[in-house]
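S.K.: Dropping in data_30.cif, with mmCIF, C-alpha atoms.
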```
data_run
#
loop_
_atom_site.label_atom_id
_atom_site.label_comp_id
_atom_site.auth_asym_id
_atom_site.auth_seq_id
_atom_site.Cartn_x
_atom_site.Cartn_y
_atom_site.Cartn_z
CA MET X 1 159.45 162.95 113.71
CA ASP X 2 158.14 159.60 112.43
CA ASP X 3 159.74 157.44 109.73
CA ILE X 4 157.90 159.00 106.78
CA ASP X 5 158.83 162.52 107.86
CA ARG X 6 162.40 161.39 108.39
CA PHE X 7 162.59 159.90 104.90
CA LEU X 8 161.24 163.10 103.34
CA GLU X 9 163.58 165.29 105.38
CA GLU X 10 166.55 163.22 104.25
CA ASP X 11 165.68 163.78 100.58
CA ILE X 12 164.27 167.30 100.57
CA GLY X 13 166.61 168.99 103.04
CA THR X 14 166.44 172.74 102.48
CA GLY X 15 164.25 172.37 99.40
CA ASP X 16 163.82 170.76 95.98
CA VAL X 17 165.74 173.23 93.84
CA THR X 18 165.00 171.55 90.49
CA THR X 19 161.25 171.48 91.05
CA ARG X 20 161.21 175.04 92.34
CA LEU X 21 162.94 176.28 89.20
CA PHE X 22 161.26 174.29 86.46
CA VAL X 23 157.93 172.76 87.54
CA PRO X 24 154.90 175.06 87.18
CA ASP X 25 152.87 175.94 90.26
CA ARG X 26 149.64 174.18 89.27
CA ASN X 27 147.76 170.96 89.89
CA GLY X 28 148.31 167.85 87.83
CA HIS X 29 147.69 164.11 87.48
CA ALA X 30 150.13 161.20 87.38
CA ILE X 31 150.12 157.42 87.46
CA ILE X 32 152.56 154.93 88.97
CA THR X 33 153.15 151.72 87.03
CA CYS X 34 154.89 148.50 88.05
CA GLU X 35 157.38 147.42 85.40
CA ASP X 36 158.06 143.86 86.63
CA ASP X 37 156.26 140.68 87.62
CA ALA X 38 155.88 141.39 91.33
CA VAL X 39 153.98 141.25 94.57
CA VAL X 40 153.46 144.95 95.20
CA ALA X 41 154.14 146.29 98.69
CA GLY X 42 154.66 149.74 100.14
CA LEU X 43 151.67 151.35 98.43
CA GLU X 44 150.17 152.33 101.78
CA GLU X 45 153.44 153.99 102.78
CA ALA X 46 153.81 155.69 99.38
CA GLU X 47 150.29 157.04 99.70
CA GLU X 48 151.28 158.55 103.04
CA VAL X 49 154.43 160.10 101.56
CA PHE X 50 152.34 161.95 98.98
CA SER X 51 149.75 162.92 101.59
CA ARG X 52 152.41 164.55 103.78
CA LEU X 53 153.07 166.96 100.90
CA GLY X 54 149.41 167.65 100.17
CA VAL X 55 149.08 165.28 97.23
CA SER X 56 146.16 162.86 96.89
CA ALA X 57 147.20 159.29 96.02
CA ARG X 58 144.77 156.45 95.33
CA ARG X 59 145.78 152.81 95.27
CA VAL X 60 144.50 150.98 92.18
CA VAL X 61 145.58 147.62 93.61
CA GLU X 62 146.17 146.65 97.23
CA ASP X 63 149.44 145.75 98.89
CA GLY X 64 150.11 142.03 98.56
CA THR X 65 148.67 141.80 95.03
CA TYR X 66 150.64 139.94 92.36
CA VAL X 67 150.83 142.06 89.19
CA ARG X 68 152.27 141.82 85.70
CA PRO X 69 154.56 144.37 83.99
CA GLY X 70 152.72 147.50 82.94
CA THR X 71 150.10 147.32 85.70
CA LYS X 72 148.91 150.68 86.99
CA VAL X 73 149.13 150.58 90.78
CA MET X 74 148.45 154.16 91.87
CA GLU X 75 146.84 157.37 90.63
CA ILE X 76 148.02 160.74 91.96
CA ASP X 77 146.40 164.18 91.91
CA GLY X 78 147.50 167.48 93.40
CA PRO X 79 150.18 170.15 93.16
CA LEU X 80 152.71 169.14 90.50
CA ARG X 81 155.63 170.53 92.48
CA ASN X 82 154.83 168.48 95.55
CA MET X 83 154.13 165.44 93.41
CA THR X 84 157.58 165.49 91.82
CA THR X 85 159.26 166.25 95.15
CA ALA X 86 157.65 163.20 96.80
CA GLU X 87 158.21 160.89 93.83
CA ARG X 88 161.57 159.33 94.65
CA THR X 89 160.90 158.76 98.35
CA ALA X 90 157.60 157.06 97.56
CA LEU X 91 159.05 154.90 94.79
CA ASN X 92 162.10 153.91 96.84
CA ILE X 93 159.85 152.52 99.56
CA MET X 94 157.74 150.64 97.03
CA MET X 95 160.78 149.27 95.17
CA ARG X 96 162.40 147.74 98.22
CA MET X 97 159.25 146.49 99.94
CA SER X 98 157.97 144.97 96.70
CA GLY X 99 161.31 143.29 96.08
CA ILE X 100 161.12 141.62 99.46
CA ALA X 101 157.47 140.60 99.10
CA THR X 102 158.14 139.18 95.64
CA MET X 103 161.14 137.11 96.71
CA VAL X 104 159.22 135.71 99.69
CA HIS X 105 156.31 134.85 97.40
CA ASP X 106 158.58 133.12 94.89
CA ALA X 107 160.42 131.16 97.60
CA THR X 108 157.13 130.06 99.15
CA GLU X 109 155.76 128.95 95.78
CA VAL X 110 158.69 126.66 94.97
CA CYS X 111 158.98 125.22 98.48
CA ARG X 112 155.31 124.43 98.88
CA ARG X 113 155.42 122.17 95.86
CA ILE X 114 157.56 119.96 98.10
CA SER X 115 156.18 120.75 101.57
CA PRO X 116 152.70 122.35 101.58
CA THR X 117 153.04 123.95 105.03
CA VAL X 118 156.64 125.20 105.10
CA MET X 119 157.03 128.90 105.91
CA ILE X 120 159.59 131.35 104.58
CA SER X 121 160.86 133.57 107.38
CA GLY X 122 162.84 136.76 107.75
CA THR X 123 165.79 137.53 110.01
CA ARG X 124 167.24 140.59 111.75
CA LYS X 125 169.57 141.19 108.78
CA THR X 126 167.58 144.26 107.86
CA THR X 127 168.30 147.83 106.81
CA PRO X 128 168.83 150.03 109.91
CA GLY X 129 165.84 152.33 110.30
CA PHE X 130 163.72 150.42 107.78
CA ARG X 131 163.06 147.17 109.65
CA ARG X 132 159.35 147.58 110.28
CA PHE X 133 158.71 148.13 106.58
CA GLU X 134 160.83 145.14 105.60
CA LYS X 135 159.09 142.91 108.13
CA LYS X 136 155.72 144.08 106.80
CA ALA X 137 156.85 143.27 103.26
CA ILE X 138 157.74 139.72 104.32
CA ALA X 139 154.20 139.24 105.63
CA LEU X 140 152.68 140.75 102.47
CA GLY X 141 154.65 138.21 100.45
CA GLY X 142 153.12 135.39 102.48
CA GLY X 143 156.07 134.84 104.81
CA GLU X 144 156.65 134.82 108.55
CA PRO X 145 158.46 137.99 109.71
CA HIS X 146 160.18 136.26 112.68
CA ARG X 147 161.12 138.31 115.73
CA PHE X 148 161.19 142.04 115.31
CA GLY X 149 164.09 142.65 117.68
CA LEU X 150 165.99 141.35 120.67
CA TYR X 151 163.07 141.96 123.02
CA ASP X 152 160.16 139.93 121.62
CA MET X 153 161.58 136.39 121.49
CA ILE X 154 164.39 134.43 123.10
CA LEU X 155 166.82 133.18 120.46
CA VAL X 156 169.81 131.36 121.89
CA LYS X 157 172.67 131.12 119.40
CA ASP X 158 176.18 129.69 119.48
CA ASN X 159 177.80 132.66 121.23
CA HIS X 160 175.14 132.70 123.95
CA ILE X 161 175.77 128.99 124.53
CA ALA X 162 179.54 129.45 124.66
CA ALA X 163 179.24 132.38 127.08
CA ALA X 164 176.85 130.41 129.32
CA GLY X 165 179.16 127.41 129.52
CA GLY X 166 177.17 125.02 127.38
CA LEU X 167 173.66 124.18 126.23
CA GLU X 168 172.87 122.26 129.42
CA ASN X 169 173.16 125.48 131.42
CA ILE X 170 170.92 127.28 128.94
CA MET X 171 168.21 124.62 129.01
CA ARG X 172 168.24 124.51 132.81
CA LYS X 173 167.28 128.18 132.83
CA VAL X 174 164.74 127.67 130.06
CA ARG X 175 162.92 125.05 132.13
CA ASP X 176 162.60 127.56 134.97
CA LEU X 177 161.32 130.46 132.85
CA ASP X 178 158.02 131.93 134.00
CA THR X 179 157.02 133.66 130.77
CA ASP X 180 154.98 133.11 127.65
CA ILE X 181 157.76 134.40 125.41
CA LYS X 182 158.81 131.90 122.74
CA VAL X 183 162.21 130.23 123.09
CA GLU X 184 164.31 129.31 120.07
CA VAL X 185 167.61 127.45 120.45
CA GLU X 186 170.33 126.83 117.90
CA VAL X 187 171.82 123.33 118.04
CA GLU X 188 174.97 121.86 116.57
CA ASN X 189 174.43 118.12 116.84
CA ALA X 190 171.98 115.32 117.65
CA GLU X 191 172.68 115.39 121.39
CA ASP X 192 171.95 119.10 121.63
CA ALA X 193 168.88 118.74 119.42
CA ARG X 194 167.45 116.08 121.72
CA ASP X 195 168.28 118.13 124.82
CA ALA X 196 166.58 121.24 123.46
CA ALA X 197 163.51 119.35 122.22
CA LEU X 198 162.94 117.61 125.55
CA ASN X 199 163.57 120.62 127.79
CA GLY X 200 161.33 123.43 126.67
CA ALA X 201 162.49 124.83 123.33
CA ASP X 202 159.56 126.01 121.21
CA ILE X 203 161.71 126.33 118.10
CA ILE X 204 165.01 124.65 117.24
CA MET X 205 167.34 126.25 114.69
CA LEU X 206 169.60 124.21 112.44
CA ASP X 207 172.14 126.72 111.18
CA ASN X 208 174.52 126.05 108.28
CA ARG X 209 173.60 122.37 108.04
CA ASP X 210 173.64 120.55 104.72
CA PRO X 211 170.23 119.19 103.64
CA LYS X 212 171.03 115.57 104.56
CA GLU X 213 172.11 116.49 108.09
CA ALA X 214 169.18 118.88 108.46
CA LYS X 215 166.73 116.11 107.56
CA GLU X 216 168.28 113.71 110.06
CA LEU X 217 168.07 116.30 112.86
CA TYR X 218 164.55 117.27 111.80
CA ASP X 219 163.38 113.66 112.12
CA LEU X 220 165.11 113.31 115.50
CA ILE X 221 163.53 116.49 116.89
CA LYS X 222 160.05 115.51 115.70
CA SER X 223 160.45 112.07 117.30
CA CYS X 224 161.17 113.80 120.62
CA ASP X 225 158.35 116.35 120.39
CA PRO X 226 156.28 116.80 117.21
CA SER X 227 155.11 120.25 118.38
CA VAL X 228 158.62 121.75 118.26
CA ILE X 229 159.09 123.98 115.21
CA VAL X 230 162.26 123.21 113.27
CA GLU X 231 163.92 126.14 111.50
CA VAL X 232 166.78 125.91 109.03
CA SER X 233 168.98 128.90 108.25
CA GLY X 234 172.38 129.90 106.95
CA ARG X 235 173.31 130.76 103.36
CA ILE X 236 169.99 129.61 101.97
CA THR X 237 169.20 131.23 98.62
CA MET X 238 166.75 130.77 95.77
CA ASP X 239 169.33 128.46 94.16
CA ASN X 240 169.31 125.90 96.99
CA ILE X 241 166.11 126.54 98.92
CA THR X 242 164.19 123.55 97.54
CA GLU X 243 166.84 121.24 98.99
CA TYR X 244 165.68 122.36 102.46
CA ALA X 245 161.92 122.37 101.89
CA GLY X 246 161.50 118.86 103.31
CA CYS X 247 163.85 119.43 106.25
CA ALA X 248 162.02 122.11 108.22
CA ASP X 249 158.82 123.83 109.25
CA ARG X 250 160.42 127.23 108.67
CA ILE X 251 163.20 128.39 106.37
CA SER X 252 164.79 131.69 107.40
CA MET X 253 166.57 133.65 104.69
CA GLY X 254 168.72 136.70 105.37
CA CYS X 255 168.93 137.36 101.63
CA ILE X 256 165.27 138.40 101.42
CA THR X 257 166.23 141.60 103.22
CA HIS X 258 169.98 142.07 102.82
CA SER X 259 170.35 141.12 99.14
CA VAL X 260 166.94 141.51 97.57
CA THR X 261 166.50 142.87 94.04
CA ALA X 262 164.32 145.97 93.90
CA ILE X 263 161.17 146.01 91.77
CA HIS X 264 161.01 148.79 89.19
CA PHE X 265 158.19 151.35 89.34
CA SER X 266 157.76 154.50 87.26
CA MET X 267 155.71 157.64 87.79
CA SER X 268 154.41 159.47 84.73
CA VAL X 269 152.81 162.92 84.78
CA GLU X 270 149.91 163.03 82.33
#
```
Please go through the file and, once you have read it, give me the structure as structure tokens.
M.R.:
Amino acid sequence: MDDIDRFLEEDIGTGDVTTRLFVPDRNGHAIITCEDDAVVAGLEEAEEVFSRLGVSARRVVEDGTYVRPGTKVMEIDGPLRNMTTAERTALNIMMRMSGIATMVHDATEVCRRISPTVMISGTRKTTPGFRRFEKKAIALGGGEPHRFGLYDMILVKDNHIAAAGGLENIMRKVRDLDTDIKVEVEVENAEDARDAALNGADIIMLDNRDPKEAKELYDLIKSCDPSVIVEVSGRITMDNITEYAGCADRISMGCITHSVTAIHFSMSVE
């Protein structure tokens, strides 16, 4: 069972009793409208939700499009019963993915007025079972999804360093790695930042630093190796993100997946 089937099974269970009792067994037509300013995302997945129940859905706009309130985003044709049964699962996916894409878009817009190349990045603070959709939404919003899981990038954080007996021991092993996998290292101070930059880190994370300290460490790292990507993270929100735009190449924000506001969509049978 793939994700779409799993989502439908969760909602439908033994059957849609309301639809079975009250919705006539005939074909119909409906439209889905976006009710907010938003970057729409999840239309491809919503289309597949309807398809699994024998309903034809056609995207009026493509995923990643910025729309205004009242924009028609999808037209639907097929059995009315199946249409209403699929409605909530399809809209839930669109609401969450569009919320993420929109927040990433908005964060990118404000930061690039300060730093034209800075990237907004995701984290692993995602909804269990929904990560691949959330990562896709980040990309649709113009962001950088970051690593998908524990297996596709090395990210050395404070607890790894403590368990290994210090950053020096970590960097010794990094120098000896025979792999193309990217290595990111969290640092706490200037000494560690210099050590990581000079000994093989591809990305250096500055976690929970204030903007002034982040800028000082950013300048130090770039003086050691301009090719090292500097990432800032830790309690960065839309309220303070512009303070970090000049301190990093990448700003990672857990809130774009764990605290995002959903975008409102409505489906209307015509």
S.K.: Within 10 Å of Arg20 (chain X), counting only C-alpha atoms, which residues show up once you throw out same-chain ones fewer than 5 positions away? Write them as an MDAnalysis selection string, please.
M.R.: chainID X and resid 15 25 81:82 85
S.K.: Once the PyMOL selection byres ((chain X and resi 74-76) around 7) is applied to the coordinates I shared, what remains selected? I want it as an NGL selection string.
M.R.: :X and (29-32 or 56-60 or 72-73 or 77-78)
S.K.: Which neighbours of Leu43 (chain X) fall inside 9 Å, counting all atoms listed in the file, when residues of the same chain fewer than 6 positions from it are skipped, and could you give them as JSON, numbers by chain?
M.R.: {"X": [59, 61, 62, 63, 73, 74, 90, 91, 93, 94]}
S.K.: Distance CA of Thr89 (chain X)-CA of Ala46 (chain X), one decimal place?
M.R.: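 So the answer is 7.8 Å.
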S.K.: Please report, as JSON lines, each residue of region 200-257 of chain X lying at most 12 Å from region 144-161 of chain X, together with the nearest pair of atoms and the separation in Å rounded to one decimal; use all atoms listed in the file, and order rows by chain and ascending residue number.
M.R.:
```
{"residue": "X:Gly200", "atom": "CA", "partner": "X:Ile154", "partner_atom": "CA", "distance": 12.0}
{"residue": "X:Ala201", "atom": "CA", "partner": "X:Ile154", "partner_atom": "CA", "distance": 9.8}
{"residue": "X:Asp202", "atom": "CA", "partner": "X:Ile154", "partner_atom": "CA", "distance": 9.9}
{"residue": "X:Ile203", "atom": "CA", "partner": "X:Leu155", "partner_atom": "CA", "distance": 8.9}
{"residue": "X:Ile204", "atom": "CA", "partner": "X:Leu155", "partner_atom": "CA", "distance": 9.3}
{"residue": "X:Met205", "atom": "CA", "partner": "X:Lys157", "partner_atom": "CA", "distance": 8.6}
{"residue": "X:Leu206", "atom": "CA", "partner": "X:Lys157", "partner_atom": "CA", "distance": 10.3}
{"residue": "X:Asp207", "atom": "CA", "partner": "X:Lys157", "partner_atom": "CA", "distance": 9.3}
{"residue": "X:Asn208", "atom": "CA", "partner": "X:Asp158", "partner_atom": "CA", "distance": 11.9}
{"residue": "X:Glu231", "atom": "CA", "partner": "X:His146", "partner_atom": "CA", "distance": 10.9}
{"residue": "X:Ser233", "atom": "CA", "partner": "X:Lys157", "partner_atom": "CA", "distance": 12.0}
{"residue": "X:Asp249", "atom": "CA", "partner": "X:Glu144", "partner_atom": "CA", "distance": 11.2}
{"residue": "X:Arg250", "atom": "CA", "partner": "X:Glu144", "partner_atom": "CA", "distance": 8.5}
{"residue": "X:Ile251", "atom": "CA", "partner": "X:Glu144", "partner_atom": "CA", "distance": 9.4}
{"residue": "X:Ser252", "atom": "CA", "partner": "X:His146", "partner_atom": "CA", "distance": 8.4}
{"residue": "X:Met253", "atom": "CA", "partner": "X:Pro145", "partner_atom": "CA", "distance": 10.5}
{"residue": "X:Gly254", "atom": "CA", "partner": "X:Pro145", "partner_atom": "CA", "distance": 11.2}
{"residue": "X:Ile256", "atom": "CA", "partner": "X:Pro145", "partner_atom": "CA", "distance": 10.7}
{"residue": "X:Thr257", "atom": "CA", "partner": "X:Pro145", "partner_atom": "CA", "distance": 10.7}
```
S.K.: May I ask for the distance between CA of Glu87 (chain X) and CA of Met267 (chain X), given in Å to one decimal place?
M.R.: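 So the answer is 7.3 Å.
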S.K.: Check the smallest atom-to-atom distance from each of X:Ala248, X:Met238, X:Val40, X:Cys111 to Ala214 (chain X) using all atoms listed in the file, then report the winner.
M.R.: X:Ala248
